[in-house]
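Engineer: Structure in structure tokens, see below.
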There are 2 protein chains.
Amino acid sequence: MSRTEDHGGERPGNGGSLAHRVPDLGALELLLAVARVGSLGRAARELGITQPAASSRIRSMERQLGVALVDRSPRGSRLTDAGALVTDWARRIVEAAEAFDAGAQALRDRRDSRLRVAASMTIAEYLLPGWLVALRAQRPDTAVSLLAGNSTAVAERLLAGEADLGFVEGLTVPAGLDSAVIAHDRLVVVTAPTHPWARRRRPLAAEELAATPLVLREEGSGTRQVLDAALGGLARPLIELSSTTAVKAAAVGGAGPAVLSELAVGEELGMRRLVRIPVQSVALARDLRAVWPTGHRPTGPARDLLSLTRS
Amino acid sequence: MSRTEDHGGERPGNGGSLAHRVPDLGALELLLAVARVGSLGRAARELGITQPAASSRIRSMERQLGVALVDRSPRGSRLTDAGALVTDWARRIVEAAEAFDAGAQALRDRRDSRLRVAASMTIAEYLLPGWLVALRAQRPDTAVSLLAGNSTAVAERLLAGEADLGFVEGLTVPAGLDSAVIAHDRLVVVTAPTHPWARRRRPLAAEELAATPLVLREEGSGTRQVLDAALGGLARPLIELSSTTAVKAAAVGGAGPAVLSELAVGEELGMRRLVRIPVQSVALARDLRAVWPTGHRPTGPARDLLSLTRS
DNA sequence: CCTGCTCATAAGCCCAGCTTATGCAACGCG
DNA sequence: CGCGTTGCATAAGCTGGGCTTATGAGCAGG
């Protein structure tokens, strides 16, 4: 029990401060660059720093992780096996950071940008950043601005000419807008893997779901509307929380079954932090739509973004 | 020197240095803490720093992003709308960092750890970090060590008593091991969204796939073995690359169709950076299995980990 | 054997982020 | 109505991580 560093006794499910154990983004980018070009010096040049800086940075990263990451040779540097693994994990962080950056950049350029997008929360949270990364890859100098709100707000912006393209997830398309379905979303019932439902063999019946207190978004949210409609207005809240992520956290923590968009829990399901409970004969599907003012077909960058969103 | 930091006209698809536009992990963690507890000061205490440090850090993050993130009031701080969105994007980064940390920690503790895991590359890359995060949430003081290699290496370690639990993805279970299927993986054919196949209506026939030069892993990799077996040893390589991520990058870049594990491309599909091409009558499914020496059923932490991996 | 590539080390600079110490604003309570 | 509590902002000073430039050492190839 040689616990090395454990003065962090915080809430369950949280170790100690992450930032001290994970290299910063610059270091991770550097590692990816080294993996790509096969040399510290060239990777350094690529990032606009000097070779000693790169050398030292990689070295200190290795010290921090306690693992050799690159094999230095006089003819270049290659990743070790552990380094290849670490690089792949690092890539996930960098990709998440790219999505963050794309979203943040759109959020910043408030008024004057060329492509103004209005989107509902779920879409803005989970899908848009990825689309923006892709859009930036295609058209690097398109500046995008983003406004997030509910369906009504999206419709208002579009009709007022303050947005060029909208995305909504509701059951109906707001009046005055044309739309195209770009994806299908489904609400799913999830629990922590420890919950009894996780060991069920037979799908859940609608009545069981309606009879069980659930971890839910607050009334008025798109998710809640769909669920209430599907169950006939009967969903019983165990707790009501004001954000998707709060609901997820509660479910992961074992508070109880939650109902959430498939989009929101993809990762948790993949990592088995949540388990999906099959449900019988409840219509929890909903369309995700791109919308624009009737008649004004999207053109230019809006058209590009729209075509990115279709599979 | 007038040039501040912009002699970087790099390869397409890459902006400039990310690290300067995205707040560092510490700042993101702080933001999440503020969102959770509703006060700068309490969030600061939670992370073991002082209130002025937190105040300044949040402020500089707001300056960096050009968006107000929190509403300060004399009675606490709440996220703005933009702040809520940014926080959700930030959470993705932090979660990726947690997975990185869990993996790295396992990689570091080479010999002496209590639970020694040996896993094939794909599993080690995409699934294990998530499991380790979950395991750490359940049993915070279990130290895990990780060794990644191909099926043969995994089997050797287990039989030599140098590993307590293994994970393999091949077609067959190595001799001397018992196994349990923990998940199903499928190889999928993917292309960039711009590729002609992305606009096909009808599924691809096996012969078409076999006749088309593909972006592939090198011969000998598990992925390649499964593909060759499914096609009858006929896969034609356009390029052979030595890592899953290199293959992904090539496919995203439009080099040509690639064949990859579903696990590896989930994110790219979600973000529409890759498009999945349906294929007809080719058996690309494979089992992911946990393995252990015949007779030695996993016990203790190994058992915990094993049960985490089953849905 | 020299030239060119690689990486490592050394010495010095600079700024980001931390701390402590303080001030100001709002709320609640005796 | 003053007083204590809670919460945020500002100021001044320290420290360290990461950068730079300068230099050296190992290995390949003409």
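The chains in the structure tokens are called A, B, ... from first to last as shown; in each chain the residues are counted from 1, and the ligands are counted from 1 in the order shown.
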Please produce, as JSON lines, a per-residue contact table for chain D versus region 10-23 of chain C (criterion: any atom at most 12 Å away, only C-alpha atoms (C1' of nucleotides) considered), showing the nearest atom pair and its distance in Å to one decimal, sorted by chain then residue number.
Structural biologist:
{"residue": "D:DC8", "atom": "C1'", "partner": "C:DG23", "partner_atom": "C1'", "distance": 10.6}
{"residue": "D:DA9", "atom": "C1'", "partner": "C:DG23", "partner_atom": "C1'", "distance": 8.5}
{"residue": "D:DT10", "atom": "C1'", "partner": "C:DG23", "partner_atom": "C1'", "distance": 8.2}
{"residue": "D:DA11", "atom": "C1'", "partner": "C:DT22", "partner_atom": "C1'", "distance": 8.4}
{"residue": "D:DA12", "atom": "C1'", "partner": "C:DA21", "partner_atom": "C1'", "distance": 9.2}
{"residue": "D:DG13", "atom": "C1'", "partner": "C:DT19", "partner_atom": "C1'", "distance": 8.8}
{"residue": "D:DC14", "atom": "C1'", "partner": "C:DT19", "partner_atom": "C1'", "distance": 8.1}
{"residue": "D:DT15", "atom": "C1'", "partner": "C:DC18", "partner_atom": "C1'", "distance": 8.2}
{"residue": "D:DG16", "atom": "C1'", "partner": "C:DG17", "partner_atom": "C1'", "distance": 9.8}
{"residue": "D:DG17", "atom": "C1'", "partner": "C:DA16", "partner_atom": "C1'", "distance": 9.3}
{"residue": "D:DG18", "atom": "C1'", "partner": "C:DC14", "partner_atom": "C1'", "distance": 9.4}
{"residue": "D:DC19", "atom": "C1'", "partner": "C:DC14", "partner_atom": "C1'", "distance": 8.3}
{"residue": "D:DT20", "atom": "C1'", "partner": "C:DC13", "partner_atom": "C1'", "distance": 8.0}
{"residue": "D:DT21", "atom": "C1'", "partner": "C:DG12", "partner_atom": "C1'", "distance": 9.2}
{"residue": "D:DA22", "atom": "C1'", "partner": "C:DA10", "partner_atom": "C1'", "distance": 8.7}
{"residue": "D:DT23", "atom": "C1'", "partner": "C:DA10", "partner_atom": "C1'", "distance": 8.5}
{"residue": "D:DG24", "atom": "C1'", "partner": "C:DA10", "partner_atom": "C1'", "distance": 10.5}
Engineer: Matching each Cα of chain B to its counterpart in chain A by order, what RMSD results from the least-squares fit?
Structural biologist: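 After superposition, the RMSD is 2.0 Å.
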Engineer: Skip DT6 (chain D) itself and residues of its chain fewer than 6 positions away, then list as a PyMOL selection string all residues within 9 Å of it, counting only C-alpha atoms (C1' of nucleotides).
Structural biologist: (chain B and resi 74-76) or (chain C and resi 26-27)
Engineer: Residues of chain A within 12 Å of chain D, counting only C-alpha atoms (C1' of nucleotides), what are they? List them as a list of chain:residue names.
Structural biologist: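 Within 12 Å of chain D on chain A, we get A:Asp24, A:Gly26, A:Ala27, A:Gly48, A:Ile49, A:Thr50, A:Gln51, A:Pro52, A:Ala53, A:Ala54, A:Ser55, A:Ser56, A:Arg57, A:Ile58, A:Ser60, A:Arg72, A:Ser73, A:Pro74, A:Arg75, A:Gly76.
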Engineer: Kindly provide, as a ChimeraX atom specification, the residues of chain B having any atom no farther than 6 Å from an atom of chain A, counting only C-alpha atoms.
Structural biologist: /B:13,19,25-26,66-67,89,93,96,100,108,130,137,271
Engineer: Near region 224-229 of chain B, within 9 Å and counting only C-alpha atoms (C1' of nucleotides), which residues show up once chain neighbours fewer than 4 positions away are dropped, as a list in words?
Structural biologist: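 The residues satisfying every condition are Gly170, Leu171, Leu187, Leu216, Arg217, Glu218, Glu219, Gly220, Gly233, Leu234, Ala235, Val259, Leu260, Ala283, Leu284, Ala285 and Arg286 of chain B.
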Engineer: Those residues with N, CA and C atoms, as a compact mmCIF listing (two decimals), in the first residue's frame please?
Structural biologist:
# COMPACT_ATOMS: atom_id res chain seq x y z
N GLY B 170 -8.69 -11.52 -31.60
CA GLY B 170 -8.48 -12.34 -32.79
C GLY B 170 -9.68 -13.21 -33.12
N LEU B 171 -9.50 -14.07 -34.11
CA LEU B 171 -10.58 -14.96 -34.51
C LEU B 171 -10.63 -16.18 -33.60
N LEU B 187 -15.66 -4.96 -38.33
CA LEU B 187 -14.87 -4.10 -39.22
C LEU B 187 -15.85 -3.36 -40.12
N LEU B 216 -5.09 0.08 -45.62
CA LEU B 216 -5.14 -1.03 -44.67
C LEU B 216 -4.02 -0.98 -43.65
N ARG B 217 -4.26 -1.69 -42.56
CA ARG B 217 -3.19 -1.99 -41.63
C ARG B 217 -2.23 -2.97 -42.27
N GLU B 218 -1.05 -3.08 -41.73
CA GLU B 218 -0.06 -3.97 -42.32
C GLU B 218 -0.47 -5.43 -42.12
N GLU B 219 0.08 -6.28 -42.94
CA GLU B 219 -0.22 -7.70 -42.83
C GLU B 219 0.23 -8.19 -41.45
N GLY B 220 -0.53 -9.07 -40.87
CA GLY B 220 -0.18 -9.57 -39.54
C GLY B 220 -1.00 -8.92 -38.45
N GLY B 233 -8.55 -13.94 -48.34
CA GLY B 233 -7.13 -13.63 -48.57
C GLY B 233 -6.86 -12.68 -49.71
N LEU B 234 -7.87 -11.92 -50.10
CA LEU B 234 -7.73 -11.19 -51.34
C LEU B 234 -7.62 -9.67 -51.21
N ALA B 235 -7.65 -9.14 -49.99
CA ALA B 235 -7.68 -7.68 -49.86
C ALA B 235 -6.50 -7.04 -50.61
N VAL B 259 -10.59 0.03 -44.17
CA VAL B 259 -11.34 -0.95 -43.38
C VAL B 259 -10.78 -0.92 -41.97
N LEU B 260 -11.65 -0.66 -41.02
CA LEU B 260 -11.21 -0.43 -39.66
C LEU B 260 -12.21 -0.98 -38.67
N ALA B 283 -18.53 -11.30 -43.85
CA ALA B 283 -18.57 -11.50 -42.40
C ALA B 283 -17.43 -10.75 -41.74
N LEU B 284 -17.68 -9.53 -41.33
CA LEU B 284 -16.62 -8.72 -40.76
C LEU B 284 -16.73 -8.61 -39.24
N ALA B 285 -17.61 -9.40 -38.66
CA ALA B 285 -17.78 -9.33 -37.22
C ALA B 285 -16.67 -10.13 -36.52
N ARG B 286 -16.32 -9.71 -35.35
CA ARG B 286 -15.38 -10.50 -34.55
C ARG B 286 -15.71 -10.27 -33.08
Engineer: Report, in Å to a single decimal, how far apart CA of Ala211 (chain A) and CA of Gly232 (chain A) are.
Structural biologist: 12.0 Å
Engineer: What's around Thr172 (chain B) at 12 Å? Count only C-alpha atoms (C1' of nucleotides), leave out sequence neighbours fewer than 6 positions away in its own chain, and write the answer as a short mmCIF file (atom, residue, chain, number, x, y, z; two decimals) with N, CA and C atoms, in the first residue's frame.
Structural biologist:
data_model
loop_
_atom_site.label_atom_id
_atom_site.label_comp_id
_atom_site.auth_asym_id
_atom_site.auth_seq_id
_atom_site.Cartn_x
_atom_site.Cartn_y
_atom_site.Cartn_z
N SER B 151 -2.18 -11.04 -29.83
CA SER B 151 -2.80 -12.14 -29.09
C SER B 151 -1.77 -13.10 -28.51
N THR B 152 -0.77 -13.40 -29.29
CA THR B 152 0.25 -14.34 -28.82
C THR B 152 0.96 -13.80 -27.58
N ALA B 155 -1.24 -14.10 -24.58
CA ALA B 155 -1.30 -15.47 -24.09
C ALA B 155 -0.03 -15.83 -23.32
N ASP B 178 -8.97 -19.87 -21.03
CA ASP B 178 -10.42 -19.79 -21.04
C ASP B 178 -10.81 -18.37 -21.44
N SER B 179 -12.02 -18.23 -21.92
CA SER B 179 -12.38 -16.89 -22.38
C SER B 179 -13.85 -16.62 -22.19
N VAL B 181 -16.73 -13.86 -24.01
CA VAL B 181 -16.96 -12.77 -24.96
C VAL B 181 -17.47 -11.56 -24.18
N GLY B 222 -4.31 -7.81 -36.42
CA GLY B 222 -5.57 -8.51 -36.21
C GLY B 222 -6.63 -8.07 -37.22
N GLN B 225 -6.01 -9.57 -40.59
CA GLN B 225 -6.31 -11.00 -40.60
C GLN B 225 -7.79 -11.26 -40.81
N VAL B 226 -8.59 -10.52 -40.05
CA VAL B 226 -10.03 -10.73 -40.15
C VAL B 226 -10.52 -10.37 -41.55
N ARG B 286 -16.32 -9.71 -35.35
CA ARG B 286 -15.38 -10.50 -34.55
C ARG B 286 -15.71 -10.27 -33.08
N ASP B 287 -15.34 -11.25 -32.28
CA ASP B 287 -15.62 -11.14 -30.85
C ASP B 287 -14.43 -10.51 -30.14
N LEU B 288 -14.73 -9.73 -29.15
CA LEU B 288 -13.69 -9.28 -28.22
C LEU B 288 -13.84 -10.14 -26.97
N ARG B 289 -12.74 -10.71 -26.54
CA ARG B 289 -12.82 -11.65 -25.43
C ARG B 289 -11.87 -11.29 -24.29
N VAL B 291 -9.64 -13.10 -21.51
CA VAL B 291 -9.03 -14.43 -21.42
C VAL B 291 -8.22 -14.56 -20.12
#
Engineer: If you run DSSP on the backbone, which residues of region 9-110 of chain A are strand (DSSP E or B), as a list in words?
Structural biologist: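 Listing strand (DSSP E or B) positions across region 9-110 of chain A yields Val70, Asp71, Arg72, Ser73, Gly76, Ser77, Arg78 and Leu79 of chain A.
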Engineer: When you draw a straight line from CA of Gly254 (chain B) to CA of Ala192 (chain B), how long is it in Å?
Structural biologist: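 Atom-to-atom, CA of Gly254 (chain B) to CA of Ala192 (chain B), that is 5.4 Å.
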Engineer: Have a look at CA of Trp197 (chain B) and CA of Gln280 (chain B) and let me know their distance in Å, one decimal.
Structural biologist: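 Calculated distance between CA of Trp197 (chain B) and CA of Gln280 (chain B) is 13.9 Å.
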Engineer: Give the helix (DSSP H, G or I) residues of region 25-268 of chain A, as assigned by DSSP on the backbone, as a PyMOL selection string.
Structural biologist: chain A and resi 25-37+40-47+51-65+81-108+121-126+128-138+151-159+196-199+206-211+222-231+244-252+262-268
Engineer: With only C-alpha atoms (C1' of nucleotides) as the counted atoms, please give the residues lying no more than 9 Å from Glu162 (chain A), apart from itself and same-chain residues fewer than 6 positions off, as a PyMOL selection string.
Structural biologist: chain A and resi 111+116-118+156
